[in-house]
Amino acid sequence: MRLDPLSLAFEAARQSAALGEVPVGAAVVRDGVVLAVAGNRPRTLHDPTAHAEILAIRAACAALGDERLTGCDLYVTLEPCPMCAGAIAFARIRRLYYGAADPKGGGVEHGSRVFNQPTCHHVPEVYGGFREAEAAALLKEFFQARRD
């Protein structure tokens, strides 16, 4: 059975949670081929930029041998933060699909709305709300377990 990119992103998010990382996962796809899948790793890698989206973008760029991901789509379990939204624009991602909205830390449809800024040179098509309840539950369970 072939998994869809968002399912791969969810699996990466669950793996991140198992490592004590905030459960966010991402997958980069071009022409139906998954180029990269990654989960959050800031704590593990001691790197504040090691968000799932950044790691997936880096791996996809390495796989293609190019700094641009023209024609690629990014699937993420959570609305990207401003840093990741900037990287998505610089990488020239064609479409962004995300699960849960992030009213507090998001940078796409909340917060700074990076793609709406006149200084943003590339704006991907954005589609939110994919498996939103599942993505939100994953995050809620993760943070609830830390409070108990």
# chains A, B, ... in the order shown; residues from 1 in each chain; ligands from 1

$ select_by_dssp --residues "region 17-143 of chain A" --states "strand (DSSP E or B)" --output "ChimeraX atom specification"
/A:25-30,33-39,72-78,95-100,125-127

$ residues_around --residues "region 101-103 of chain A" --least-positions-apart "3" --cutoff "6 Å" --atoms "only C-alpha atoms" --output "VMD selection string"
chain A and resid 79 106 110

$ write_last_selection --atoms "C-alpha atoms" --output "PDB file, in the first residue's frame"
ATOM      1  CA  GLU A  79       0.677  25.729   9.525  1.00  0.00           C
ATOM      2  CA  GLY A 106       1.729  30.463  12.256  1.00  0.00           C
ATOM      3  CA  HIS A 110      -2.012  33.837  10.908  1.00  0.00           C
TER       4      HIS A 110
END

$ closest_residue --among "A:Arg14, A:Gly71, A:Gly86, A:Glu21" --to "Ser112 (chain A)" --atoms "only C-alpha atoms"
A:Gly86

$ select_by_dssp --residues "region 90-143 of chain A" --states "helix (DSSP H, G or I)" --output "PyMOL selection string"
chain A and resi 90-91+114-116+132-143

$ closest_residue --among "A:Val24, A:Ala135, A:Val76, A:Leu96" --to "Leu6 (chain A)" --atoms "only C-alpha atoms"
A:Val76

$ residues_around --residues "Ala59 (chain A)" --least-positions-apart "5" --cutoff "10 Å" --atoms "only C-alpha atoms" --output "PyMOL selection string"
chain A and resi 27-28+35-38+53-54+64-65

$ residues_around --residues "Glu134 (chain A)" --least-positions-apart "2" --cutoff "10 Å" --atoms "only C-alpha atoms" --output "ChimeraX atom specification"
/A:10,77,99-100,130-132,136-140

$ write_last_selection --atoms "C-alpha atoms" --output "short mmCIF file (atom, residue, chain, number, x, y, z; two decimals), in the first residue's frame"
data_model
loop_
_atom_site.label_atom_id
_atom_site.label_comp_id
_atom_site.auth_asym_id
_atom_site.auth_seq_id
_atom_site.Cartn_x
_atom_site.Cartn_y
_atom_site.Cartn_z
CA PHE A 10 1.98 12.45 10.09
CA THR A 77 0.92 18.71 9.62
CA GLY A 99 -3.16 20.25 8.55
CA ALA A 100 -3.86 22.30 11.66
CA PHE A 130 -6.16 18.74 5.71
CA ARG A 131 -6.78 16.19 8.49
CA GLU A 132 -6.97 19.22 10.77
CA ALA A 136 -4.61 19.29 16.32
CA ALA A 137 -5.19 16.20 18.47
CA LEU A 138 -1.60 15.06 17.99
CA LEU A 139 -0.31 18.41 19.21
CA LYS A 140 -2.82 18.64 22.07
#

$ closest_residue --among "A:Tyr127, A:Gln117, A:Ala145, A:Arg30" --to "Tyr98 (chain A)" --atoms "only C-alpha atoms"
A:Tyr127

$ atom_distance --atom1 "CA of Leu19 (chain A)" --atom2 "CA of Pro82 (chain A)"
24.0 Å

$ atom_distance --atom1 "CA of Glu67 (chain A)" --atom2 "CA of Thr49 (chain A)"
17.1 Å

$ closest_residue --among "A:Ala13, A:Ala85, A:Ala18, A:Ala62" --to "Asn40 (chain A)" --atoms "only C-alpha atoms"
A:Ala13
